[in-house]
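File shown: work-v4.tsv (TSV, C-alpha atoms).
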chain	number	residue	atom	x	y	z
A	1	MET	CA	48.13	43.07	148.87
A	2	ASP	CA	45.36	42.64	146.28
A	3	LEU	CA	42.54	40.49	147.70
A	4	LYS	CA	40.43	40.64	144.54
A	5	GLY	CA	41.78	37.45	142.93
A	6	THR	CA	40.72	33.84	143.31
A	7	CYS	CA	41.88	31.38	145.95
A	8	GLN	CA	42.10	27.64	146.43
A	9	ILE	CA	41.94	26.08	149.91
A	10	VAL	CA	43.70	22.81	150.72
A	11	LYS	CA	43.78	20.77	153.92
A	12	MET	CA	47.25	19.49	154.69
A	13	ASN	CA	47.32	16.23	156.68
A	14	SER	CA	44.31	14.68	158.39
A	15	PHE	CA	42.17	16.46	160.97
A	16	SER	CA	40.77	14.68	164.04
A	17	GLU	CA	37.69	15.34	166.17
A	18	GLU	CA	39.95	16.36	169.06
A	19	ASP	CA	41.39	19.22	166.98
A	20	GLN	CA	38.36	21.37	167.86
A	21	SER	CA	39.20	21.02	171.56
A	22	TYR	CA	42.82	22.06	170.97
A	23	LEU	CA	41.73	24.98	168.81
A	24	HIS	CA	39.16	26.44	171.21
A	25	LEU	CA	40.75	25.66	174.57
A	26	LEU	CA	44.42	26.26	173.76
A	27	TYR	CA	44.74	28.46	170.67
A	28	TYR	CA	41.70	30.69	171.23
A	29	PRO	CA	43.22	32.77	174.08
A	30	LEU	CA	46.16	33.61	171.82
A	31	ILE	CA	44.59	34.10	168.38
A	32	HIS	CA	41.06	35.24	169.42
A	33	SER	CA	37.68	34.87	167.78
A	34	GLU	CA	38.35	36.54	164.42
A	35	ALA	CA	41.17	34.15	163.52
A	36	ILE	CA	39.15	31.15	164.78
A	37	LEU	CA	36.23	32.15	162.53
A	38	VAL	CA	38.44	32.57	159.45
A	39	TYR	CA	40.11	29.21	160.16
A	40	GLU	CA	36.78	27.38	160.48
A	41	ILE	CA	35.35	28.97	157.33
A	42	LEU	CA	38.48	28.00	155.37
A	43	LEU	CA	38.23	24.50	156.81
A	44	SER	CA	34.60	24.23	155.68
A	45	LEU	CA	35.56	25.14	152.11
A	46	ALA	CA	38.80	23.15	151.93
A	47	ASN	CA	39.69	20.35	149.52
A	48	LYS	CA	37.03	21.25	147.01
A	49	LYS	CA	38.24	21.72	143.45
A	50	GLU	CA	36.50	25.05	143.12
A	51	LYS	CA	38.50	28.26	143.19
A	52	TYR	CA	36.72	30.87	145.25
A	53	ASP	CA	36.43	34.54	144.51
A	54	HIS	CA	38.31	36.30	147.29
A	55	THR	CA	35.51	38.82	147.83
A	56	PHE	CA	33.08	35.94	148.40
A	57	LEU	CA	35.44	34.43	150.98
A	58	ILE	CA	35.81	37.68	152.90
A	59	ASN	CA	32.05	38.31	152.78
A	60	LEU	CA	31.48	35.00	154.57
A	61	THR	CA	33.28	36.41	157.60
A	62	PHE	CA	31.42	39.77	157.53
A	63	PHE	CA	34.87	41.35	158.08
A	64	PRO	CA	36.38	44.30	156.23
A	65	GLU	CA	39.49	43.38	154.24
A	66	ALA	CA	41.89	44.76	156.85
A	67	LYS	CA	40.34	42.66	159.60
A	68	PHE	CA	40.41	39.55	157.42
A	69	GLU	CA	44.10	40.19	156.70
A	70	ARG	CA	44.90	40.51	160.42
A	71	ALA	CA	43.11	37.25	161.17
A	72	ARG	CA	44.91	35.50	158.31
A	73	LYS	CA	48.32	36.65	159.53
A	74	MET	CA	47.49	35.51	163.05
A	75	LEU	CA	46.77	32.00	161.72
A	76	GLU	CA	50.07	32.08	159.83
A	77	ASN	CA	51.94	33.14	162.96
A	78	PHE	CA	50.69	30.05	164.78
A	79	ASN	CA	51.41	27.65	161.90
A	80	LEU	CA	47.74	26.93	161.25
A	81	LEU	CA	47.86	28.43	157.76
A	82	MET	CA	50.42	28.82	155.01
A	83	THR	CA	49.63	31.32	152.26
A	84	TYR	CA	50.97	31.44	148.70
A	85	TYR	CA	50.36	34.25	146.22
A	86	GLU	CA	51.07	34.56	142.50
A	87	PRO	CA	51.31	38.28	141.64
A	88	THR	CA	50.89	37.82	137.88
A	89	THR	CA	47.65	35.83	137.99
A	90	LYS	CA	46.56	37.13	141.41
A	91	ASN	CA	45.85	33.57	142.48
A	92	TRP	CA	46.09	32.54	146.12
A	93	VAL	CA	46.56	29.14	147.74
A	94	TYR	CA	45.66	28.63	151.40
A	95	GLN	CA	47.12	25.52	153.03
A	96	LEU	CA	45.44	24.62	156.31
A	97	TYR	CA	47.28	22.67	158.99
A	98	PRO	CA	45.75	20.97	162.06
A	99	PRO	CA	46.49	22.46	165.48
A	100	LEU	CA	49.14	20.90	167.69
A	101	ASN	CA	47.80	18.43	170.20
A	102	ALA	CA	47.75	19.38	173.89
A	103	GLN	CA	51.07	17.74	174.73
A	104	GLU	CA	52.83	19.48	171.83
A	105	PHE	CA	51.15	22.83	172.48
A	106	LEU	CA	51.88	22.92	176.23
A	107	THR	CA	55.52	21.97	175.67
A	108	HIS	CA	56.06	24.21	172.63
A	109	ASP	CA	58.88	26.66	173.35
A	110	THR	CA	56.87	29.69	172.20
A	111	PHE	CA	53.18	28.79	172.36
A	112	SER	CA	53.35	27.46	175.93
A	113	ARG	CA	55.09	30.60	177.17
A	114	LEU	CA	52.53	32.85	175.47
A	115	PHE	CA	49.71	30.77	176.91
A	116	LEU	CA	51.15	30.97	180.44
A	117	LYS	CA	51.62	34.73	180.14
A	118	GLU	CA	48.09	35.23	178.82
A	119	MET	CA	46.17	32.85	181.09
A	120	GLY	CA	48.28	32.47	184.21
A	121	SER	CA	49.65	29.42	186.04
A	122	LYS	CA	46.35	28.14	187.45
A	123	HIS	CA	44.70	27.97	184.04
A	124	PHE	CA	47.85	26.42	182.55
A	125	ASP	CA	47.74	23.64	185.17
A	126	ARG	CA	44.02	23.21	184.58
A	127	MET	CA	44.65	22.54	180.89
A	128	LYS	CA	47.39	20.02	181.73
A	129	VAL	CA	44.94	18.13	183.94
A	130	LEU	CA	42.10	18.44	181.44
A	131	PHE	CA	44.10	16.93	178.58
A	132	HIS	CA	46.06	14.46	180.69
A	133	THR	CA	45.72	10.82	179.70
A	134	ASP	CA	46.70	8.38	182.42
A	135	PHE	CA	49.37	5.93	181.44
A	136	MET	CA	48.52	2.34	182.31
A	137	ASP	CA	51.60	0.57	183.68
A	138	THR	CA	51.64	-2.99	182.30
A	139	THR	CA	55.10	-3.91	183.58
A	140	ASN	CA	53.84	-6.62	185.96
A	141	MET	CA	51.10	-7.89	183.65
A	142	VAL	CA	51.15	-10.69	181.08
A	143	ASN	CA	50.38	-9.90	177.46
A	144	VAL	CA	47.64	-12.36	176.50
A	145	SER	CA	46.78	-10.71	173.17
A	146	SER	CA	46.14	-13.08	170.28
A	147	SER	CA	48.72	-13.09	167.49
A	148	LEU	CA	48.06	-13.40	163.78
A	149	ASP	CA	48.33	-17.01	162.55
A	150	LEU	CA	50.87	-17.03	159.71
A	151	SER	CA	50.86	-20.78	159.14
A	152	LYS	CA	48.92	-20.34	155.91
A	153	LEU	CA	51.99	-18.68	154.43
A	154	ASP	CA	54.24	-21.67	155.12
A	155	SER	CA	53.70	-22.86	151.54
A	156	TRP	CA	54.38	-19.43	150.01
A	157	ASP	CA	56.75	-19.84	147.06
A	158	ASP	CA	58.26	-17.82	144.22
A	159	SER	CA	55.20	-18.20	142.01
A	160	ASN	CA	52.99	-16.80	144.79
A	161	GLU	CA	55.39	-13.91	145.23
A	162	ALA	CA	55.43	-13.17	141.50
A	163	LEU	CA	51.63	-13.17	141.36
A	164	TYR	CA	51.45	-10.94	144.41
A	165	LYS	CA	53.77	-8.39	142.84
A	166	THR	CA	51.56	-8.19	139.74
A	167	LEU	CA	48.41	-7.63	141.83
A	168	ARG	CA	49.78	-5.37	144.55
A	169	PRO	CA	48.81	-1.67	144.22
A	170	LYS	CA	51.79	0.01	142.64
A	171	THR	CA	53.18	2.98	144.52
A	172	GLU	CA	56.66	2.39	143.10
A	173	ASP	CA	55.90	4.23	139.86
A	174	VAL	CA	54.99	7.35	141.82
A	175	LEU	CA	58.01	7.13	144.09
A	176	ARG	CA	60.62	6.13	141.51
A	177	LYS	CA	60.96	9.71	140.30
A	178	TYR	CA	62.58	10.72	143.60
A	179	PRO	CA	66.24	9.90	144.38
A	180	PHE	CA	65.24	8.44	147.74
A	181	ASP	CA	65.96	4.90	148.94
A	182	PHE	CA	62.75	3.70	150.59
A	183	ASP	CA	64.22	0.32	151.53
A	184	ARG	CA	66.87	2.09	153.56
A	185	PHE	CA	64.37	4.59	154.97
A	186	LEU	CA	61.87	1.93	156.09
A	187	ASP	CA	64.45	-0.49	157.47
A	188	GLY	CA	63.61	-1.11	161.13
A	189	MET	CA	60.59	1.24	161.03
A	190	ASP	CA	57.86	-1.42	161.45
A	191	ARG	CA	56.99	-0.28	164.97
A	192	THR	CA	57.81	3.41	164.74
A	193	PHE	CA	56.19	4.05	161.34
A	194	PRO	CA	53.04	1.86	161.08
A	195	GLN	CA	51.82	0.44	157.79
A	196	ARG	CA	48.46	2.19	158.17
A	197	ILE	CA	50.01	5.59	157.45
A	198	ARG	CA	52.35	4.46	154.66
A	199	SER	CA	50.01	5.67	151.96
A	200	SER	CA	51.47	6.55	148.58
A	201	GLN	CA	50.54	10.19	149.22
A	202	ASN	CA	52.41	10.26	152.54
A	203	LEU	CA	55.43	8.46	151.14
A	204	GLU	CA	55.57	10.75	148.12
A	205	ARG	CA	55.48	13.86	150.31
A	206	ILE	CA	58.30	12.44	152.48
A	207	ALA	CA	60.40	11.65	149.41
A	208	GLN	CA	59.65	15.04	147.90
A	209	LEU	CA	60.79	16.95	151.00
A	210	ALA	CA	63.89	14.79	151.36
A	211	SER	CA	64.80	15.26	147.70
A	212	ILE	CA	64.27	19.02	147.61
A	213	TYR	CA	66.28	19.68	150.76
A	214	GLY	CA	68.87	16.94	150.35
A	215	VAL	CA	68.01	15.05	153.55
A	216	ASP	CA	69.32	11.48	153.62
A	217	GLU	CA	67.21	8.45	154.54
A	218	LYS	CA	68.64	8.03	158.04
A	219	LYS	CA	68.03	11.63	159.06
A	220	MET	CA	64.56	11.56	157.48
A	221	ARG	CA	63.68	8.53	159.64
A	222	GLY	CA	64.28	10.61	162.74
A	223	PHE	CA	62.31	13.59	161.42
A	224	VAL	CA	59.30	11.45	160.46
A	225	THR	CA	59.32	9.63	163.82
A	226	ARG	CA	59.28	12.95	165.66
A	227	SER	CA	56.40	14.18	163.46
A	228	LEU	CA	53.98	11.33	164.21
A	229	GLU	CA	50.87	12.23	166.22
A	230	ASP	CA	47.67	10.78	167.67
A	231	ASN	CA	49.16	7.44	168.65
A	232	LYS	CA	51.10	7.24	165.38
A	233	SER	CA	47.97	7.56	163.29
A	234	ARG	CA	49.04	10.58	161.25
A	235	ILE	CA	52.06	12.59	160.16
A	236	ASN	CA	52.18	16.27	161.03
A	237	PHE	CA	53.70	17.47	157.76
A	238	ALA	CA	53.93	21.05	159.00
A	239	LYS	CA	56.23	19.86	161.77
A	240	LEU	CA	58.12	17.55	159.40
A	241	ARG	CA	58.67	20.40	156.95
A	242	GLU	CA	59.96	22.57	159.81
A	243	PHE	CA	62.47	19.87	160.82
A	244	VAL	CA	63.62	19.50	157.22
A	245	MET	CA	63.90	23.25	156.57
A	246	ARG	CA	65.99	23.74	159.72
A	247	SER	CA	68.34	20.86	159.04
A	248	ARG	CA	71.87	21.45	157.87
A	249	ASN	CA	72.83	18.69	155.47
A	250	THR	CA	76.13	17.37	154.22
A	251	PHE	CA	76.37	16.49	150.56
A	252	GLU	CA	78.78	15.64	147.81
A	253	GLN	CA	80.24	18.89	146.51
A	254	ARG	CA	79.92	18.62	142.77
A	255	ASP	CA	78.66	21.02	140.17
A	256	SER	CA	75.75	18.89	139.04
A	257	HIS	CA	72.25	19.98	138.15
A	258	SER	CA	70.97	16.64	139.46
A	259	MET	CA	71.65	17.64	143.07
A	260	ALA	CA	68.90	18.43	145.59
A	261	PRO	CA	68.01	22.06	144.76
A	262	VAL	CA	68.55	23.42	148.29
A	263	ASN	CA	71.96	21.72	148.47
A	264	TYR	CA	72.78	23.07	145.02
A	265	PHE	CA	71.87	26.59	146.15
A	266	SER	CA	74.08	26.17	149.23
A	267	MET	CA	76.97	25.06	147.04
A	268	LYS	CA	76.53	28.18	144.89
A	269	GLN	CA	77.12	30.32	147.97
A	270	LYS	CA	80.22	28.42	149.15
A	271	ASN	CA	78.22	25.97	151.31
A	272	ALA	CA	76.76	28.72	153.50
A	273	PRO	CA	73.33	27.94	155.01
A	274	VAL	CA	70.40	28.77	152.75
A	275	SER	CA	67.96	31.32	154.19
A	276	GLN	CA	64.43	30.20	155.05
A	277	SER	CA	62.94	32.56	152.46
A	278	ASP	CA	65.17	31.18	149.68
A	279	LYS	CA	64.33	27.62	150.75
A	280	ALA	CA	60.63	28.43	150.53
A	281	ILE	CA	61.02	29.81	147.00
A	282	ILE	CA	62.95	26.71	145.89
A	283	GLU	CA	60.35	24.38	147.41
A	284	LYS	CA	57.60	26.28	145.59
A	285	LEU	CA	59.38	25.79	142.27
A	286	CYS	CA	59.52	22.04	142.90
A	287	THR	CA	55.99	21.56	144.29
A	288	GLU	CA	53.66	24.20	142.87
A	289	TYR	CA	55.44	24.76	139.56
A	290	GLN	CA	56.34	21.03	139.44
A	291	MET	CA	59.68	21.73	137.85
A	292	PRO	CA	62.22	18.87	137.68
A	293	TYR	CA	65.15	19.41	140.00
A	294	GLU	CA	67.66	19.82	137.19
A	295	VAL	CA	65.47	22.58	135.71
A	296	VAL	CA	65.24	24.29	139.11
A	297	ASN	CA	69.03	24.22	139.41
A	298	VAL	CA	69.50	25.70	135.94
A	299	LEU	CA	67.01	28.40	136.90
A	300	ILE	CA	69.01	29.09	140.08
A	301	ASP	CA	72.15	29.57	137.97
A	302	TYR	CA	70.25	31.75	135.55
A	303	VAL	CA	68.76	34.08	138.15
A	304	LEU	CA	71.91	34.43	140.25
A	305	SER	CA	74.01	35.28	137.20
A	306	ARG	CA	71.60	38.01	136.07
A	307	THR	CA	70.72	39.66	139.39
A	308	ASN	CA	74.17	40.16	140.93
A	309	GLN	CA	73.81	36.93	142.97
A	310	GLN	CA	70.41	37.90	144.38
A	311	PHE	CA	67.35	35.62	144.37
A	312	PRO	CA	64.32	37.95	144.20
A	313	LYS	CA	61.04	36.07	144.53
A	314	ALA	CA	59.06	38.10	141.98
A	315	TYR	CA	61.72	37.69	139.30
A	316	VAL	CA	62.22	33.97	140.03
A	317	GLU	CA	58.49	33.31	139.70
A	318	LYS	CA	58.29	35.36	136.51
A	319	VAL	CA	60.97	33.24	134.86
A	320	ALA	CA	59.54	30.00	136.28
A	321	SER	CA	56.02	30.78	135.00
A	322	THR	CA	57.36	31.41	131.51
A	323	TRP	CA	59.46	28.23	131.47
A	324	VAL	CA	56.44	26.20	132.54
A	325	ARG	CA	54.34	27.70	129.74
A	326	LEU	CA	57.13	26.90	127.28
A	327	GLY	CA	57.21	23.28	128.42
A	328	VAL	CA	60.74	23.41	129.84
A	329	ASP	CA	60.92	20.01	131.53
A	330	SER	CA	64.56	18.95	131.11
A	331	GLU	CA	68.05	20.29	131.73
A	332	ALA	CA	68.69	20.59	128.00
A	333	LYS	CA	65.56	22.68	127.40
A	334	ALA	CA	66.36	24.87	130.39
A	335	LEU	CA	69.90	25.51	129.18
A	336	GLU	CA	68.51	26.38	125.75
A	337	GLN	CA	66.30	29.07	127.30
A	338	THR	CA	69.30	30.75	128.91
A	339	LYS	CA	71.20	31.37	125.66
A	340	ASN	CA	69.58	34.41	124.06
A	341	THR	CA	69.31	37.39	126.37
A	342	TYR	CA	69.06	41.16	126.37
A	343	SER	CA	69.25	43.63	129.20
A	344	PHE	CA	67.40	46.55	130.69
A	345	THR	CA	68.38	48.90	133.50
A	346	GLU	CA	66.42	49.11	136.74
A	347	ASN	CA	67.48	51.20	139.73
A	348	GLY	CA	70.96	51.51	138.24
A	349	THR	CA	71.41	47.74	137.92
A	350	THR	CA	71.64	45.97	134.58
A	351	VAL	CA	69.52	42.82	134.58
A	352	GLN	CA	69.83	40.24	131.82
A	353	LEU	CA	66.58	38.79	130.54
A	354	PRO	CA	65.79	36.15	127.89
A	355	ASN	CA	64.55	37.23	124.51
A	356	TRP	CA	61.07	35.84	125.17
A	357	PHE	CA	60.59	38.40	127.99
A	358	ASP	CA	58.14	41.10	126.90
A	359	ALA	CA	59.93	44.41	127.52
A	360	LYS	CA	56.81	46.50	127.15
A	361	GLU	CA	54.95	44.36	129.67
A	362	GLU	CA	57.92	44.52	131.97
A	363	ASP	CA	58.00	48.33	131.86
A	364	GLU	CA	54.39	48.36	133.03
A	365	LYS	CA	54.59	45.64	135.69
A	366	GLU	CA	58.11	45.43	137.03
A	367	SER	CA	57.84	48.48	139.28
A	368	ARG	CA	54.85	47.16	141.20
A	369	GLU	CA	56.30	43.63	141.36
A	370	ASP	CA	59.46	45.12	142.84
A	371	LEU	CA	57.33	47.02	145.35
A	372	LEU	CA	55.53	43.79	146.21
A	373	ALA	CA	58.81	41.93	146.68
A	374	ARG	CA	60.10	44.65	149.02
A	375	ALA	CA	56.83	44.65	150.98
A	376	LEU	CA	56.96	40.87	151.38
A	377	ALA	CA	60.56	41.08	152.53
A	378	ALA	CA	59.66	43.75	155.09
A	379	GLN	CA	56.74	41.66	156.33
A	380	ALA	CA	59.00	38.63	156.72
A	381	GLU	CA	61.48	40.67	158.77
A	382	GLU	CA	58.72	41.93	161.06
A	383	GLU	CA	57.45	38.42	161.67

Show me the file's structure as structure tokens.
Amino acid sequence: MDLKGTCQIVKMNSFSEEDQSYLHLLYYPLIHSEAILVYEILLSLANKKEKYDHTFLINLTFFPEAKFERARKMLENFNLLMTYYEPTTKNWVYQLYPPLNAQEFLTHDTFSRLFLKEMGSKHFDRMKVLFHTDFMDTTNMVNVSSSLDLSKLDSWDDSNEALYKTLRPKTEDVLRKYPFDFDRFLDGMDRTFPQRIRSSQNLERIAQLASIYGVDEKKMRGFVTRSLEDNKSRINFAKLREFVMRSRNTFEQRDSHSMAPVNYFSMKQKNAPVSQSDKAIIEKLCTEYQMPYEVVNVLIDYVLSRTNQQFPKAYVEKVASTWVRLGVDSEAKALEQTKNTYSFTENGTTVQLPNWFDAKEEDEKESREDLLARALAAQAEEE
């Protein structure tokens, strides 16, 4: 894959001081020093608006390209990094995720087994003791903690409430665009989902995942609760996304472009489960391309009808990029783009394309994009 383009590095979720201990004492024996170095360099450069030249990034490691690639894939294998690539622009996005904490790592179905095999039982037990936090049993003790005095709110009336609503920071405008009932989601979550992590950014990401994959509020409550870490001080969105992607959801079977895109895709294939690779493509359309769900669903129809019910990543992204440049932001505009088409033949298959598709450009680029798509598919199968 071409490493000559530019890249942007983003930290997903919050990172704690203890993450360094998890990384070096638990992950290091499995991913080794090259991957650790690449991870720490990416972490140092993350969340800056600058897009880095890929050659500059690789030079910081003093690795040849092949060695950098191996280290990157190792980080991806252990869910520390998620990589996105746009073949047309040659732009990359690296999303960094914090390591699992000790409890999660040493009980992980795969990581813990690999760690035991690599380090042996004595070292495994040593790590359990090293990261063990004693639980203080307070069963026979009296809670003498002071409680907040709410007597000042005894005189709270409708006028106070109205004033409060005008002054309160408004997250509703951000969240209203998602078909997700936050009142239902947050009902009974005061203890399990603390106020301190209910930031608008966290809530928006929860609503976005739920809306893309068609997860209802009740099921999302369980997924979020199981994704909380560090004494409920942060959400592990990598874990939450994994829960959501693996879920099998029920939904109203109706041919509507307003449905959650993953559910819509499932309906198009007679309610069969959607593959992980197809889910990832759909999520990218919603998040990175920021396409409204009804536009994504029209695009799904469009691609399936013109590729013999296939969903090739390179072709999907080619259409999506063009629609974004054309300002296609509604169902009506998307349907308009599907009207005028022509066809060309590739590998014996007739593929319908819209009239804005540049045939000359396609003749020059389609063959290598097809090669890229096949290579990515082969890589996914190997992993």

Can you list every residue of segment 3-116 of chain A that has an atom at most 12 Å from segment 321-338 of chain A, with its nearest atom pair and the distance in Å to one decimal, using all atoms listed in the file, ordered by chain then number, as CSV?
residue,atom,partner,partner_atom,distance
A:Glu86,CA,A:Ser321,CA,9.7
A:Pro87,CA,A:Ser321,CA,11.1
A:Thr88,CA,A:Ser321,CA,9.2
A:Thr89,CA,A:Ser321,CA,10.2

Please list as a PDB file with C-alpha atoms, keeping the file's coordinate frame every residue within 10 Å of segment 186-188 of chain A, counting all atoms listed in the file and excluding residues in the same chain fewer than 6 positions away.
ATOM      1  CA  ARG A 198      52.350   4.460 154.660  1.00  0.00           C
ATOM      2  CA  GLU A 217      67.210   8.450 154.540  1.00  0.00           C
ATOM      3  CA  LYS A 218      68.640   8.030 158.040  1.00  0.00           C
ATOM      4  CA  ARG A 221      63.680   8.530 159.640  1.00  0.00           C
TER       5      ARG A 221
END

Can you pull out every residue within 12 Å of Phe56 of chain A, counting only C-alpha atoms, but drop anything in the same chain fewer than 3 positions away, and send it as a compact mmCIF listing (two decimals) with C-alpha atoms, in the coordinates of the input?
# COMPACT_ATOMS: atom_id res chain seq x y z
CA LEU A 3 42.54 40.49 147.70
CA LYS A 4 40.43 40.64 144.54
CA GLY A 5 41.78 37.45 142.93
CA THR A 6 40.72 33.84 143.31
CA CYS A 7 41.88 31.38 145.95
CA ILE A 41 35.35 28.97 157.33
CA LEU A 42 38.48 28.00 155.37
CA LEU A 45 35.56 25.14 152.11
CA LYS A 51 38.50 28.26 143.19
CA TYR A 52 36.72 30.87 145.25
CA ASP A 53 36.43 34.54 144.51
CA ASN A 59 32.05 38.31 152.78
CA LEU A 60 31.48 35.00 154.57
CA THR A 61 33.28 36.41 157.60
CA PHE A 62 31.42 39.77 157.53
CA PHE A 63 34.87 41.35 158.08
CA PRO A 64 36.38 44.30 156.23
CA GLU A 65 39.49 43.38 154.24

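You can rank A:Ser155, A:Thr287, A:Ser16, A:Gln208 by their closest distance to Asn101 of chain A using all atoms listed in the file, and at the top of that list sits A:Ser16.
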
(message) Between atom CA of Phe131 of chain A and atom CA of Phe115 of chain A, what distance in Å does the model show, to one decimal?
(response)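 Going from atom CA of Phe131 of chain A over to atom CA of Phe115 of chain A, I get 15.0 Å.
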
(message) Just checking: using all atoms listed in the file, which residue out of A:Tyr213, A:Phe193, A:Trp156, A:Tyr97 ends up closest to Met12 of chain A?
(response) A:Tyr97

(message) Residues near Leu240 of chain A, anyone? I mean within 7 Å using only C-alpha atoms, not counting same-chain ones fewer than 6 positions away, as a PyMOL selection string.
(response) chain A and resi 223-224+227

(request) Work out how far apart atom CA of Gly222 of chain A and atom CA of Phe237 of chain A are and give it in Å to one decimal. (result) 13.6 Å

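Proximity of A:Lys67, A:Glu104, A:Phe243, A:Asn91 to Asp230 of chain A, computed with all atoms listed in the file, is greatest for A:Glu104.
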
(request) Give me, please, the distance in Å between atom CA of Ala272 of chain A and atom CA of Cys286 of chain A, quoted to one decimal. (result)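 That distance, rounded to one decimal, is 21.3 Å.
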
(message) I'd like to know which of A:Leu96, A:Val262, A:Met220, A:Val296 is closest to Asn79 of chain A, using only C-alpha atoms.
(response)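 Among A:Leu96, A:Val262, A:Met220, A:Val296, it is A:Leu96 that comes nearest to Asn79 of chain A.
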
Would you mind completing segment 63-78 of chain A to N, CA and C atoms and writing the output as a PDB file, in the coordinates of the input?
ATOM      1  N   PHE A  63      33.757  40.497 157.664  1.00  0.00           N
ATOM      2  CA  PHE A  63      34.870  41.350 158.080  1.00  0.00           C
ATOM      3  C   PHE A  63      35.232  42.304 156.940  1.00  0.00           C
ATOM      4  N   PRO A  64      35.713  43.492 157.269  1.00  0.00           N
ATOM      5  CA  PRO A  64      36.380  44.300 156.230  1.00  0.00           C
ATOM      6  C   PRO A  64      37.707  43.635 155.867  1.00  0.00           C
ATOM      7  N   GLU A  65      38.274  44.021 154.722  1.00  0.00           N
ATOM      8  CA  GLU A  65      39.490  43.380 154.240  1.00  0.00           C
ATOM      9  C   GLU A  65      40.625  43.442 155.256  1.00  0.00           C
ATOM     10  N   ALA A  66      40.783  44.594 155.904  1.00  0.00           N
ATOM     11  CA  ALA A  66      41.890  44.760 156.850  1.00  0.00           C
ATOM     12  C   ALA A  66      41.766  43.787 158.022  1.00  0.00           C
ATOM     13  N   LYS A  67      40.557  43.580 158.480  1.00  0.00           N
ATOM     14  CA  LYS A  67      40.340  42.660 159.600  1.00  0.00           C
ATOM     15  C   LYS A  67      40.577  41.219 159.169  1.00  0.00           C
ATOM     16  N   PHE A  68      40.150  40.879 157.965  1.00  0.00           N
ATOM     17  CA  PHE A  68      40.410  39.550 157.420  1.00  0.00           C
ATOM     18  C   PHE A  68      41.914  39.298 157.317  1.00  0.00           C
ATOM     19  N   GLU A  69      42.655  40.297 156.831  1.00  0.00           N
ATOM     20  CA  GLU A  69      44.100  40.190 156.700  1.00  0.00           C
ATOM     21  C   GLU A  69      44.770  39.960 158.053  1.00  0.00           C
ATOM     22  N   ARG A  70      44.324  40.686 159.084  1.00  0.00           N
ATOM     23  CA  ARG A  70      44.900  40.510 160.420  1.00  0.00           C
ATOM     24  C   ARG A  70      44.650  39.100 160.941  1.00  0.00           C
ATOM     25  N   ALA A  71      43.433  38.603 160.710  1.00  0.00           N
ATOM     26  CA  ALA A  71      43.110  37.250 161.170  1.00  0.00           C
ATOM     27  C   ALA A  71      43.946  36.212 160.412  1.00  0.00           C
ATOM     28  N   ARG A  72      44.110  36.428 159.105  1.00  0.00           N
ATOM     29  CA  ARG A  72      44.910  35.500 158.310  1.00  0.00           C
ATOM     30  C   ARG A  72      46.354  35.451 158.805  1.00  0.00           C
ATOM     31  N   LYS A  73      46.934  36.607 159.065  1.00  0.00           N
ATOM     32  CA  LYS A  73      48.320  36.650 159.530  1.00  0.00           C
ATOM     33  C   LYS A  73      48.473  36.006 160.902  1.00  0.00           C
ATOM     34  N   MET A  74      47.446  36.149 161.738  1.00  0.00           N
ATOM     35  CA  MET A  74      47.490  35.510 163.050  1.00  0.00           C
ATOM     36  C   MET A  74      47.535  33.985 162.896  1.00  0.00           C
ATOM     37  N   LEU A  75      46.745  33.445 161.978  1.00  0.00           N
ATOM     38  CA  LEU A  75      46.770  32.000 161.720  1.00  0.00           C
ATOM     39  C   LEU A  75      48.136  31.568 161.202  1.00  0.00           C
ATOM     40  N   GLU A  76      48.735  32.381 160.355  1.00  0.00           N
ATOM     41  CA  GLU A  76      50.070  32.080 159.830  1.00  0.00           C
ATOM     42  C   GLU A  76      51.109  32.094 160.940  1.00  0.00           C
ATOM     43  N   ASN A  77      50.983  33.039 161.861  1.00  0.00           N
ATOM     44  CA  ASN A  77      51.940  33.140 162.960  1.00  0.00           C
ATOM     45  C   ASN A  77      51.952  31.898 163.833  1.00  0.00           C
ATOM     46  N   PHE A  78      50.804  31.231 163.927  1.00  0.00           N
ATOM     47  CA  PHE A  78      50.690  30.050 164.780  1.00  0.00           C
ATOM     48  C   PHE A  78      50.688  28.754 163.972  1.00  0.00           C
TER      49      PHE A  78
END
